[in-house]
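For reference, my_file_4.cif is printed below; it contains mmCIF, C-alpha atoms.
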```
data_protein
#
loop_
_atom_site.label_atom_id
_atom_site.label_comp_id
_atom_site.auth_asym_id
_atom_site.auth_seq_id
_atom_site.Cartn_x
_atom_site.Cartn_y
_atom_site.Cartn_z
CA MET Q 222 1.34 -17.65 -4.16
CA ARG Q 223 1.42 -14.04 -5.28
CA VAL Q 224 0.91 -11.24 -2.73
CA VAL Q 225 0.62 -7.47 -3.15
CA ILE Q 226 1.48 -5.47 -0.03
CA LYS Q 227 0.48 -1.82 0.13
CA ILE Q 228 2.47 0.23 2.62
CA GLY Q 229 0.88 3.44 3.86
CA THR Q 230 2.73 6.65 4.65
CA SER Q 231 1.96 6.26 8.36
CA THR Q 232 3.80 2.92 8.36
CA LEU Q 233 6.96 4.37 6.81
CA THR Q 234 7.27 7.71 8.56
CA HIS Q 235 7.04 9.40 11.90
CA LYS Q 236 4.49 12.20 12.28
CA SER Q 237 7.33 14.61 11.45
CA GLY Q 238 7.55 13.08 7.98
CA ARG Q 239 11.01 11.67 8.67
CA GLU Q 240 11.45 7.98 7.95
CA ASN Q 241 10.70 5.52 10.74
CA ILE Q 242 14.01 3.71 10.46
CA ARG Q 243 13.29 0.83 12.86
CA ARG Q 244 9.93 0.04 11.29
CA ILE Q 245 11.28 0.20 7.73
CA GLU Q 246 14.09 -2.18 8.69
CA GLU Q 247 11.59 -4.61 10.28
CA LEU Q 248 9.30 -4.37 7.27
CA CYS Q 249 12.05 -5.06 4.72
CA LYS Q 250 13.34 -7.97 6.79
CA ALA Q 251 9.87 -9.56 7.00
CA VAL Q 252 9.15 -9.03 3.28
CA SER Q 253 12.56 -10.47 2.37
CA ASP Q 254 11.92 -13.54 4.52
CA ILE Q 255 8.48 -14.07 2.97
CA LYS Q 256 10.02 -13.73 -0.50
CA ASN Q 257 12.73 -16.23 0.47
CA SER Q 258 9.98 -18.76 1.27
CA GLY Q 259 8.97 -18.77 -2.40
CA ILE Q 260 6.05 -16.35 -2.27
CA GLU Q 261 6.02 -13.70 -5.01
CA VAL Q 262 5.78 -10.23 -3.48
CA ILE Q 263 4.90 -6.89 -5.05
CA LEU Q 264 5.01 -3.70 -2.99
CA VAL Q 265 2.82 -0.67 -3.58
CA SER Q 266 4.43 2.02 -1.49
CA SER Q 267 3.13 5.38 -0.41
CA GLY Q 268 5.43 7.77 1.37
CA ALA Q 269 7.08 9.86 -1.36
CA ILE Q 270 5.27 13.09 -0.50
CA GLY Q 271 5.48 12.39 3.24
CA MET Q 272 9.22 11.74 3.07
CA GLY Q 273 9.66 14.83 0.91
CA VAL Q 274 7.97 16.88 3.63
CA GLY Q 275 10.51 15.58 6.14
CA LYS Q 276 13.50 15.89 3.83
CA LEU Q 277 12.62 19.50 3.02
CA ASN Q 278 12.00 20.26 6.72
CA LEU Q 279 8.47 21.48 6.07
CA LYS Q 280 6.11 21.85 9.02
CA GLU Q 281 3.18 20.24 7.20
CA ARG Q 282 2.14 18.59 3.95
CA PRO Q 283 1.68 21.28 1.24
CA LYS Q 284 -1.86 21.95 0.08
CA ASP Q 285 -0.94 23.30 -3.36
CA ILE Q 286 -0.26 20.99 -6.31
CA ALA Q 287 3.23 22.34 -7.04
CA GLY Q 288 4.24 21.90 -3.41
CA LYS Q 289 3.04 18.29 -3.37
CA GLN Q 290 4.83 17.57 -6.63
CA ALA Q 291 8.07 19.08 -5.30
CA CYS Q 292 7.80 16.93 -2.15
CA ALA Q 293 7.08 13.84 -4.26
CA ALA Q 294 10.14 14.49 -6.46
CA VAL Q 295 12.43 14.78 -3.42
CA GLY Q 296 10.75 12.04 -1.42
CA GLN Q 297 10.67 9.41 -4.19
CA CYS Q 298 14.47 9.51 -4.41
CA GLU Q 299 14.73 9.05 -0.66
CA LEU Q 300 12.12 6.29 -0.62
CA MET Q 301 13.80 4.16 -3.29
CA TYR Q 302 17.26 4.76 -1.83
CA ILE Q 303 16.06 3.37 1.49
CA TYR Q 304 14.32 0.37 -0.09
CA ASP Q 305 17.35 -0.43 -2.27
CA LYS Q 306 19.68 -0.24 0.72
CA GLU Q 307 17.48 -2.34 3.03
CA PHE Q 308 16.54 -5.06 0.54
CA SER Q 309 20.09 -5.32 -0.81
CA ALA Q 310 21.14 -6.40 2.67
CA TYR Q 311 18.99 -9.51 2.13
CA ASN Q 312 20.16 -10.05 -1.48
CA HIS Q 313 16.95 -8.84 -3.10
CA THR Q 314 16.94 -6.54 -6.13
CA VAL Q 315 14.26 -3.86 -6.21
CA ALA Q 316 12.61 -2.39 -9.31
CA GLN Q 317 10.88 1.00 -9.34
CA ILE Q 318 7.65 1.40 -11.30
CA LEU Q 319 5.84 4.75 -11.36
CA LEU Q 320 2.32 4.65 -12.76
CA THR Q 321 -0.38 7.09 -13.80
CA ALA Q 322 -4.06 6.26 -14.30
CA PRO Q 323 -3.78 6.05 -18.13
CA ASP Q 324 -1.16 3.30 -17.73
CA LEU Q 325 -3.87 1.01 -16.38
CA LYS Q 326 -6.79 2.39 -18.39
CA SER Q 327 -5.17 2.12 -21.83
CA GLU Q 328 -5.37 -1.46 -23.09
CA ASP Q 329 -1.97 -1.31 -24.82
CA ARG Q 330 -0.16 0.32 -21.89
CA HIS Q 331 -1.90 -2.00 -19.45
CA GLU Q 332 -0.69 -5.05 -21.36
CA LYS Q 333 2.88 -3.72 -21.40
CA PHE Q 334 2.68 -3.13 -17.65
CA LYS Q 335 1.54 -6.73 -17.08
CA ASP Q 336 4.32 -8.05 -19.35
CA THR Q 337 6.91 -6.03 -17.43
CA MET Q 338 5.59 -7.26 -14.09
CA SER Q 339 5.64 -10.85 -15.29
CA LYS Q 340 9.26 -10.53 -16.41
CA LEU Q 341 10.36 -8.84 -13.17
CA LEU Q 342 8.81 -11.62 -11.10
CA GLU Q 343 10.37 -14.21 -13.40
CA LEU Q 344 13.74 -12.56 -12.69
CA SER Q 345 13.01 -12.69 -8.93
CA ALA Q 346 13.08 -8.89 -8.67
CA LEU Q 347 10.95 -7.08 -6.10
CA PRO Q 348 8.69 -4.56 -7.90
CA ILE Q 349 7.97 -1.41 -5.89
CA ILE Q 350 5.10 0.61 -7.34
CA ASN Q 351 3.93 4.14 -6.65
CA GLU Q 352 1.86 6.74 -8.43
CA ASN Q 353 3.88 9.15 -10.55
CA ASP Q 354 2.88 12.07 -8.36
CA THR Q 355 5.33 14.53 -9.91
CA VAL Q 356 3.45 14.61 -13.23
CA ALA Q 357 -0.06 13.29 -12.57
CA THR Q 358 -1.91 16.11 -10.85
CA GLU Q 359 -5.24 14.32 -10.93
CA GLU Q 360 -3.68 11.39 -9.02
CA ILE Q 361 -2.51 13.73 -6.26
CA VAL Q 362 -5.89 15.37 -5.88
CA PHE Q 363 -8.15 12.36 -6.31
CA GLY Q 364 -5.89 9.33 -6.29
CA ASP Q 365 -4.83 7.01 -3.49
CA ASN Q 366 -2.55 4.03 -3.28
CA ASP Q 367 -5.26 1.76 -1.83
CA THR Q 368 -7.03 1.90 -5.18
CA LEU Q 369 -3.73 1.62 -7.06
CA ALA Q 370 -2.80 -1.46 -5.03
CA ALA Q 371 -6.17 -3.04 -5.80
CA LEU Q 372 -5.77 -2.39 -9.53
CA VAL Q 373 -2.25 -3.82 -9.44
CA ALA Q 374 -3.47 -6.91 -7.57
CA GLU Q 375 -6.21 -7.36 -10.15
CA SER Q 376 -3.76 -6.87 -13.04
CA VAL Q 377 -1.24 -9.45 -11.82
CA SER Q 378 -3.90 -11.96 -10.66
CA ALA Q 379 -2.68 -11.81 -7.05
CA ASP Q 380 -3.98 -14.25 -4.47
CA LEU Q 381 -3.92 -11.71 -1.65
CA LEU Q 382 -3.73 -7.96 -1.16
CA ILE Q 383 -2.52 -6.68 2.21
CA LEU Q 384 -3.12 -3.03 3.10
CA LEU Q 385 -0.82 -1.91 5.92
CA SER Q 386 -2.18 1.22 7.56
CA ASP Q 387 -2.39 2.97 10.95
CA ILE Q 388 -5.53 1.10 12.00
CA ASP Q 389 -6.04 -2.53 13.03
CA GLY Q 390 -8.79 -3.19 10.49
CA LEU Q 391 -12.43 -2.38 9.79
CA TYR Q 392 -14.47 -1.44 12.84
CA THR Q 393 -18.20 -1.16 13.41
CA ALA Q 394 -17.58 2.56 14.13
CA ASP Q 395 -14.64 4.97 14.26
CA PRO Q 396 -12.46 3.59 17.11
CA HIS Q 397 -10.87 7.02 17.58
CA LYS Q 398 -14.27 8.44 18.53
CA ASN Q 399 -16.30 5.49 19.77
CA PRO Q 400 -14.82 3.29 22.54
CA ASP Q 401 -17.49 0.66 21.86
CA ALA Q 402 -16.36 0.12 18.27
CA LYS Q 403 -15.66 -3.54 17.51
CA LEU Q 404 -13.15 -4.95 15.04
CA LEU Q 405 -14.64 -7.05 12.25
CA SER Q 406 -12.24 -9.96 11.72
CA GLU Q 407 -13.98 -11.26 8.58
CA VAL Q 408 -16.11 -9.77 5.82
CA HIS Q 409 -17.68 -12.24 3.40
CA GLU Q 410 -19.88 -9.76 1.54
CA LEU Q 411 -19.51 -6.04 0.90
CA THR Q 412 -23.05 -5.01 1.77
CA GLU Q 413 -24.30 -1.43 1.85
CA ASP Q 414 -23.94 -1.49 5.65
CA ILE Q 415 -20.29 -2.51 5.37
CA MET Q 416 -19.52 0.09 2.69
CA SER Q 417 -21.11 2.78 4.88
CA LEU Q 418 -18.40 2.21 7.51
CA GLY Q 419 -15.85 4.13 5.39
CA GLY Q 420 -14.48 7.33 6.90
CA GLY Q 421 -11.82 9.98 6.29
CA SER Q 422 -8.04 9.73 6.47
CA ALA Q 423 -6.57 9.36 9.96
CA SER Q 424 -3.08 10.42 8.89
CA ALA Q 425 -2.03 14.03 8.28
CA LEU Q 426 0.63 12.87 5.79
CA GLY Q 427 -1.43 10.27 3.92
CA THR Q 428 -4.30 10.45 1.43
CA GLY Q 429 -6.22 7.23 2.05
CA GLY Q 430 -8.94 6.47 4.61
CA MET Q 431 -11.25 3.56 5.29
CA GLU Q 432 -13.47 4.59 2.39
CA THR Q 433 -10.65 4.02 -0.11
CA LYS Q 434 -9.82 0.69 1.51
CA LEU Q 435 -13.39 -0.53 1.12
CA ARG Q 436 -13.35 0.51 -2.53
CA ALA Q 437 -10.13 -1.44 -2.92
CA ALA Q 438 -11.79 -4.45 -1.29
CA LYS Q 439 -14.62 -4.26 -3.83
CA ILE Q 440 -12.15 -4.24 -6.76
CA VAL Q 441 -10.08 -7.21 -5.61
CA THR Q 442 -12.82 -9.43 -4.19
CA ASP Q 443 -14.74 -9.05 -7.46
CA ALA Q 444 -11.54 -10.19 -9.19
CA GLY Q 445 -11.21 -13.29 -7.02
CA CYS Q 446 -8.53 -11.98 -4.63
CA ASP Q 447 -8.73 -11.84 -0.83
CA MET Q 448 -7.75 -8.64 0.98
CA ILE Q 449 -6.55 -7.91 4.51
CA ILE Q 450 -6.42 -4.57 6.33
CA ALA Q 451 -3.83 -4.67 9.11
CA ASN Q 452 -1.82 -2.29 11.29
CA GLY Q 453 1.61 -1.61 9.84
CA SER Q 454 3.08 -0.58 13.20
CA ASP Q 455 4.23 -4.20 13.68
CA PRO Q 456 5.55 -5.54 10.35
CA GLU Q 457 6.09 -8.99 11.90
CA LEU Q 458 2.34 -9.58 11.68
CA LEU Q 459 3.05 -10.35 8.01
CA TYR Q 460 4.41 -13.69 9.23
CA ASP Q 461 1.10 -14.41 10.99
CA ILE Q 462 -0.82 -13.54 7.84
CA MET Q 463 1.33 -15.89 5.76
CA ASP Q 464 0.77 -18.61 8.39
CA GLY Q 465 -2.99 -18.23 7.97
CA LYS Q 466 -3.62 -16.68 11.39
CA SER Q 467 -6.42 -14.16 11.92
CA VAL Q 468 -4.97 -10.64 11.63
CA GLY Q 469 -6.89 -7.39 11.11
CA THR Q 470 -9.89 -7.68 8.81
CA ARG Q 471 -9.99 -10.22 5.99
CA PHE Q 472 -12.26 -9.63 3.02
CA TYR Q 473 -13.03 -12.84 1.16
CA ALA Q 474 -13.06 -13.08 -2.62
CA LYS Q 475 -16.32 -13.76 -4.38
CA LYS Q 476 -16.70 -17.44 -5.18
#
```

Let's see the structure in the file written out as C-alpha cells.
Amino acid sequence: MRVVIKIGTSTLTHKSGRENIRRIEELCKAVSDIKNSGIEVILVSSGAIGMGVGKLNLKERPKDIAGKQACAAVGQCELMYIYDKEFSAYNHTVAQILLTAPDLKSEDRHEKFKDTMSKLLELSALPIINENDTVATEEIVFGDNDTLAALVAESVSADLLILLSDIDGLYTADPHKNPDAKLLSEVHELTEDIMSLGGGSASALGTGGMETKLRAAKIVTDAGCDMIIANGSDPELLYDIMDGKSVGTRFYAKK
C-alpha cells in the first residue's frame, strides 16, 4: 500500500507560527510506525512560510512576495531540521524534494521526478515534498499544497491521499458559522452540490481551504485513488485510518 499524507501548516504550528512540538513528535511517531508496518509513505508538508514567520518573530504572515519568500527560506531549513531529527529517532531517513509547477507539467521533468520517487521508496527513504516557495512566485500566490499533494498522489499511483488540516472533514455548511452543519463521512461522487461546499482558508498561516481540498479530491478520485480529509490535531487518528475505521470524510475513487 502506498499512502501520501499532506500536513497542513495548522497541524505543525501554533497560531504564533512557532512549531507545535508535541504534535510534531506525535505525528512523526505515528508515521514511523505506519512505515514500519510495511506501508510506503510520502509526506507533502506545508509549514515553511509559517515556521519562518515564527522563527523571524514576525507578528503576522507577510503579504508581499519577497516577505513570503524570505519566510519560506528560513522556515524550510527549520522544517527539515525538525523532520530529520524526529524521524531519525525511529531510524527513518528523510529526503527533501522541492517542486515547482513546471516539474510536474513538463513530461521530461515529470518522468525524472517519478523515477526519483521510485528509487527513494525502493531505498526505504521517507520523501518529504514541498513547493519551492523561495523561487516560484506563482506558487505562493496561486498554489496550495492540497493540489500539490493530489498531483503527487496521482504521479506515484498512490492508493490513498490523506489531507491533515484544522477541520474534521467536509461539512454540509461552514461549522464555524453554522451550528447545524453536519459532517459528511463518505462522498462517492463529486457532484456540483458537493463542490459548492468549498470555502476559504480557516488558518491565518496557511493557504488552503475546503475549495482546494475538493479540487484535490477531484484529481485523485479521477486517478483511482481514495482521499480522506481529517483533523491533524490528533495524529494518532492515522492509526484508525490505516485500520479501516471511519475518520473524517472519505472520498471514494471512481470505479

So which residues touch Leu341 (chain Q) within 12 Å, counting all atoms listed in the file, skipping near sequence neighbours fewer than 3 positions away, as a list in words? Glu261, Val262, Ile263, Thr314, Val315, Ala316, Gln317, Ile318, Phe334, Lys335, Asp336, Thr337, Met338, Leu344, Ser345, Ala346, Leu347, Pro348, Ile349 and Val377 of chain Q

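Remark: for Lys306 (chain Q), the closest of the candidate residues Q:Val225, Q:Ile270, Q:Pro456, Q:Cys249 is Q:Cys249 (distances computed over all atoms listed in the file).
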
What do you get, as a ChimeraX atom specification, if you spell out every residue that the PyMOL selection byres ((chain Q and resi 234) around 10) selects here? /Q:229-233,235-242,244-245,268,271-272,275,426

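The shortest atom-to-atom distance to Lys403 (chain Q), with all atoms listed in the file taken into account, belongs to Q:Gly469 out of Q:Gly469, Q:Lys333, Q:Lys439, Q:Arg243.
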
Evaluating the PyMOL selection byres ((chain Q and resi 462-464) around 12) on the displayed file yields which residues, as a PyMOL selection string? chain Q and resi 222-224+226+251-252+254-256+258-262+380-385+447-452+456-461+465-471

Hey, which of Q:Glu352, Q:Asp443, Q:Asp389, Q:Asp305 ends up closest to Leu411 (chain Q)? Count only C-alpha atoms. Q:Asp443

Given the file above and the PyMOL selection byres ((chain Q and resi 289) around 9), which residues are selected, and can you give them as a ChimeraX atom specification? /Q:270,273-274,282-288,290-294,354-355,361

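Our summary of the geometry notes that CA of Leu342 (chain Q) is positioned 25.2 Å from CA of Ser386 (chain Q).
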
Where's the centre, and what are the edge lengths in Å to one decimal, of a box along x, y and z enclosing all listed atoms of region 333-337 of chain Q padded 8 Å per side, as lines of an AutoDock Vina configuration file?
```
center_x = 4.2
center_y = -5.6
center_z = -19.2
size_x = 21.4
size_y = 20.9
size_z = 20.3
```

Which value, in Å to one decimal, gives the distance between CA of Ser406 (chain Q) and CA of Ala374 (chain Q)?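 Atom-to-atom, CA of Ser406 (chain Q) to CA of Ala374 (chain Q), that is 21.4 Å.
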
Å distance separating CA of Leu418 (chain Q) from CA of Asp395 (chain Q), one decimal place: 8.2 Å

Can you work out which one of Q:Leu391, Q:Asp455, Q:Glu432, Q:Leu264 has the shortest atom-to-atom distance to Leu405 (chain Q), counting all atoms listed in the file? Q:Leu391

For Lys326 (chain Q), which of Q:Val295, Q:Leu372, Q:Ile350, Q:Leu404 is the closest residue, counting all atoms listed in the file?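 Among the listed residues, Q:Leu372 lies closest to Lys326 (chain Q).
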
Residues around (-12.6, 5.8, 15.1), cut-off 12 Å, counting all atoms listed in the file - what are they as a list in words?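 Every residue inside that radius is included here: Asp387, Ile388, Asp389, Gly390, Leu391, Tyr392, Thr393, Ala394, Asp395, Pro396, His397, Lys398, Asn399, Pro400, Asp401, Ala402, Lys403, Leu404, Leu418, Gly419, Gly420, Gly421, Ser422, Ala423, Gly430 and Met431 of chain Q.
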
Which residue out of Q:Ala370, Q:Leu320, Q:Ile303, Q:Leu277 has the minimum interatomic distance to Val265 (chain Q) when all atoms listed in the file are used? Q:Ala370

Provide region 383-409 of chain Q of the preceding structure as a file containing N, CA and C atoms, as a PDB file, in the first residue's frame.
```pdb
ATOM      1  N   ILE Q 383      -4.185  11.369   2.245  1.00  0.00           N
ATOM      2  CA  ILE Q 383      -4.763  11.878   3.493  1.00  0.00           C
ATOM      3  C   ILE Q 383      -4.379  13.343   3.633  1.00  0.00           C
ATOM      4  N   LEU Q 384      -5.379  14.205   3.753  1.00  0.00           N
ATOM      5  CA  LEU Q 384      -5.140  15.629   3.975  1.00  0.00           C
ATOM      6  C   LEU Q 384      -5.410  15.944   5.436  1.00  0.00           C
ATOM      7  N   LEU Q 385      -4.349  16.233   6.196  1.00  0.00           N
ATOM      8  CA  LEU Q 385      -4.497  16.623   7.596  1.00  0.00           C
ATOM      9  C   LEU Q 385      -4.619  18.137   7.670  1.00  0.00           C
ATOM     10  N   SER Q 386      -5.707  18.595   8.271  1.00  0.00           N
ATOM     11  CA  SER Q 386      -5.984  20.029   8.305  1.00  0.00           C
ATOM     12  C   SER Q 386      -6.484  20.415   9.695  1.00  0.00           C
ATOM     13  N   ASP Q 387      -7.116  21.592   9.805  1.00  0.00           N
ATOM     14  CA  ASP Q 387      -7.642  22.053  11.091  1.00  0.00           C
ATOM     15  C   ASP Q 387      -9.155  21.881  11.166  1.00  0.00           C
ATOM     16  N   ILE Q 388      -9.692  20.994  10.331  1.00  0.00           N
ATOM     17  CA  ILE Q 388     -11.122  20.738  10.313  1.00  0.00           C
ATOM     18  C   ILE Q 388     -11.340  19.231  10.225  1.00  0.00           C
ATOM     19  N   ASP Q 389     -12.442  18.757  10.776  1.00  0.00           N
ATOM     20  CA  ASP Q 389     -12.681  17.313  10.877  1.00  0.00           C
ATOM     21  C   ASP Q 389     -12.989  16.644   9.544  1.00  0.00           C
ATOM     22  N   GLY Q 390     -13.417  17.420   8.569  1.00  0.00           N
ATOM     23  CA  GLY Q 390     -13.771  16.857   7.267  1.00  0.00           C
ATOM     24  C   GLY Q 390     -14.659  17.829   6.514  1.00  0.00           C
ATOM     25  N   LEU Q 391     -15.408  17.303   5.558  1.00  0.00           N
ATOM     26  CA  LEU Q 391     -16.319  18.121   4.767  1.00  0.00           C
ATOM     27  C   LEU Q 391     -17.678  18.172   5.446  1.00  0.00           C
ATOM     28  N   TYR Q 392     -18.170  19.375   5.659  1.00  0.00           N
ATOM     29  CA  TYR Q 392     -19.465  19.582   6.295  1.00  0.00           C
ATOM     30  C   TYR Q 392     -20.495  20.079   5.279  1.00  0.00           C
ATOM     31  N   THR Q 393     -21.760  19.959   5.662  1.00  0.00           N
ATOM     32  CA  THR Q 393     -22.845  20.440   4.815  1.00  0.00           C
ATOM     33  C   THR Q 393     -22.890  21.969   4.777  1.00  0.00           C
ATOM     34  N   ALA Q 394     -22.213  22.614   5.730  1.00  0.00           N
ATOM     35  CA  ALA Q 394     -22.092  24.078   5.790  1.00  0.00           C
ATOM     36  C   ALA Q 394     -20.852  24.389   6.620  1.00  0.00           C
ATOM     37  N   ASP Q 395     -20.476  25.649   6.698  1.00  0.00           N
ATOM     38  CA  ASP Q 395     -19.301  26.040   7.469  1.00  0.00           C
ATOM     39  C   ASP Q 395     -19.584  25.828   8.961  1.00  0.00           C
ATOM     40  N   PRO Q 396     -18.908  24.861   9.613  1.00  0.00           N
ATOM     41  CA  PRO Q 396     -19.185  24.586  11.028  1.00  0.00           C
ATOM     42  C   PRO Q 396     -18.794  25.725  11.960  1.00  0.00           C
ATOM     43  N   HIS Q 397     -17.930  26.630  11.484  1.00  0.00           N
ATOM     44  CA  HIS Q 397     -17.541  27.776  12.299  1.00  0.00           C
ATOM     45  C   HIS Q 397     -18.669  28.802  12.371  1.00  0.00           C
ATOM     46  N   LYS Q 398     -19.564  28.754  11.408  1.00  0.00           N
ATOM     47  CA  LYS Q 398     -20.650  29.744  11.334  1.00  0.00           C
ATOM     48  C   LYS Q 398     -22.031  29.145  11.548  1.00  0.00           C
ATOM     49  N   ASN Q 399     -22.165  27.854  11.227  1.00  0.00           N
ATOM     50  CA  ASN Q 399     -23.480  27.213  11.291  1.00  0.00           C
ATOM     51  C   ASN Q 399     -23.427  26.022  12.247  1.00  0.00           C
ATOM     52  N   PRO Q 400     -24.073  26.137  13.420  1.00  0.00           N
ATOM     53  CA  PRO Q 400     -24.043  25.044  14.400  1.00  0.00           C
ATOM     54  C   PRO Q 400     -24.784  23.791  13.931  1.00  0.00           C
ATOM     55  N   ASP Q 401     -25.599  23.928  12.909  1.00  0.00           N
ATOM     56  CA  ASP Q 401     -26.357  22.787  12.389  1.00  0.00           C
ATOM     57  C   ASP Q 401     -25.609  22.033  11.284  1.00  0.00           C
ATOM     58  N   ALA Q 402     -24.401  22.472  10.973  1.00  0.00           N
ATOM     59  CA  ALA Q 402     -23.621  21.815   9.926  1.00  0.00           C
ATOM     60  C   ALA Q 402     -23.321  20.374  10.318  1.00  0.00           C
ATOM     61  N   LYS Q 403     -23.455  19.472   9.358  1.00  0.00           N
ATOM     62  CA  LYS Q 403     -23.237  18.043   9.615  1.00  0.00           C
ATOM     63  C   LYS Q 403     -22.029  17.539   8.816  1.00  0.00           C
ATOM     64  N   LEU Q 404     -21.242  16.685   9.463  1.00  0.00           N
ATOM     65  CA  LEU Q 404     -20.073  16.100   8.817  1.00  0.00           C
ATOM     66  C   LEU Q 404     -20.507  15.017   7.839  1.00  0.00           C
ATOM     67  N   LEU Q 405     -19.972  15.072   6.632  1.00  0.00           N
ATOM     68  CA  LEU Q 405     -20.216  14.029   5.645  1.00  0.00           C
ATOM     69  C   LEU Q 405     -19.103  12.996   5.774  1.00  0.00           C
ATOM     70  N   SER Q 406     -19.432  11.788   6.192  1.00  0.00           N
ATOM     71  CA  SER Q 406     -18.401  10.772   6.422  1.00  0.00           C
ATOM     72  C   SER Q 406     -17.931  10.127   5.130  1.00  0.00           C
ATOM     73  N   GLU Q 407     -18.796  10.102   4.110  1.00  0.00           N
ATOM     74  CA  GLU Q 407     -18.433   9.490   2.833  1.00  0.00           C
ATOM     75  C   GLU Q 407     -18.951  10.319   1.668  1.00  0.00           C
ATOM     76  N   VAL Q 408     -18.134  10.412   0.626  1.00  0.00           N
ATOM     77  CA  VAL Q 408     -18.543  11.053  -0.623  1.00  0.00           C
ATOM     78  C   VAL Q 408     -18.196  10.096  -1.753  1.00  0.00           C
ATOM     79  N   HIS Q 409     -19.213   9.617  -2.455  1.00  0.00           N
ATOM     80  CA  HIS Q 409     -18.993   8.656  -3.535  1.00  0.00           C
ATOM     81  C   HIS Q 409     -18.956   9.317  -4.908  1.00  0.00           C
TER      82      HIS Q 409
END
```
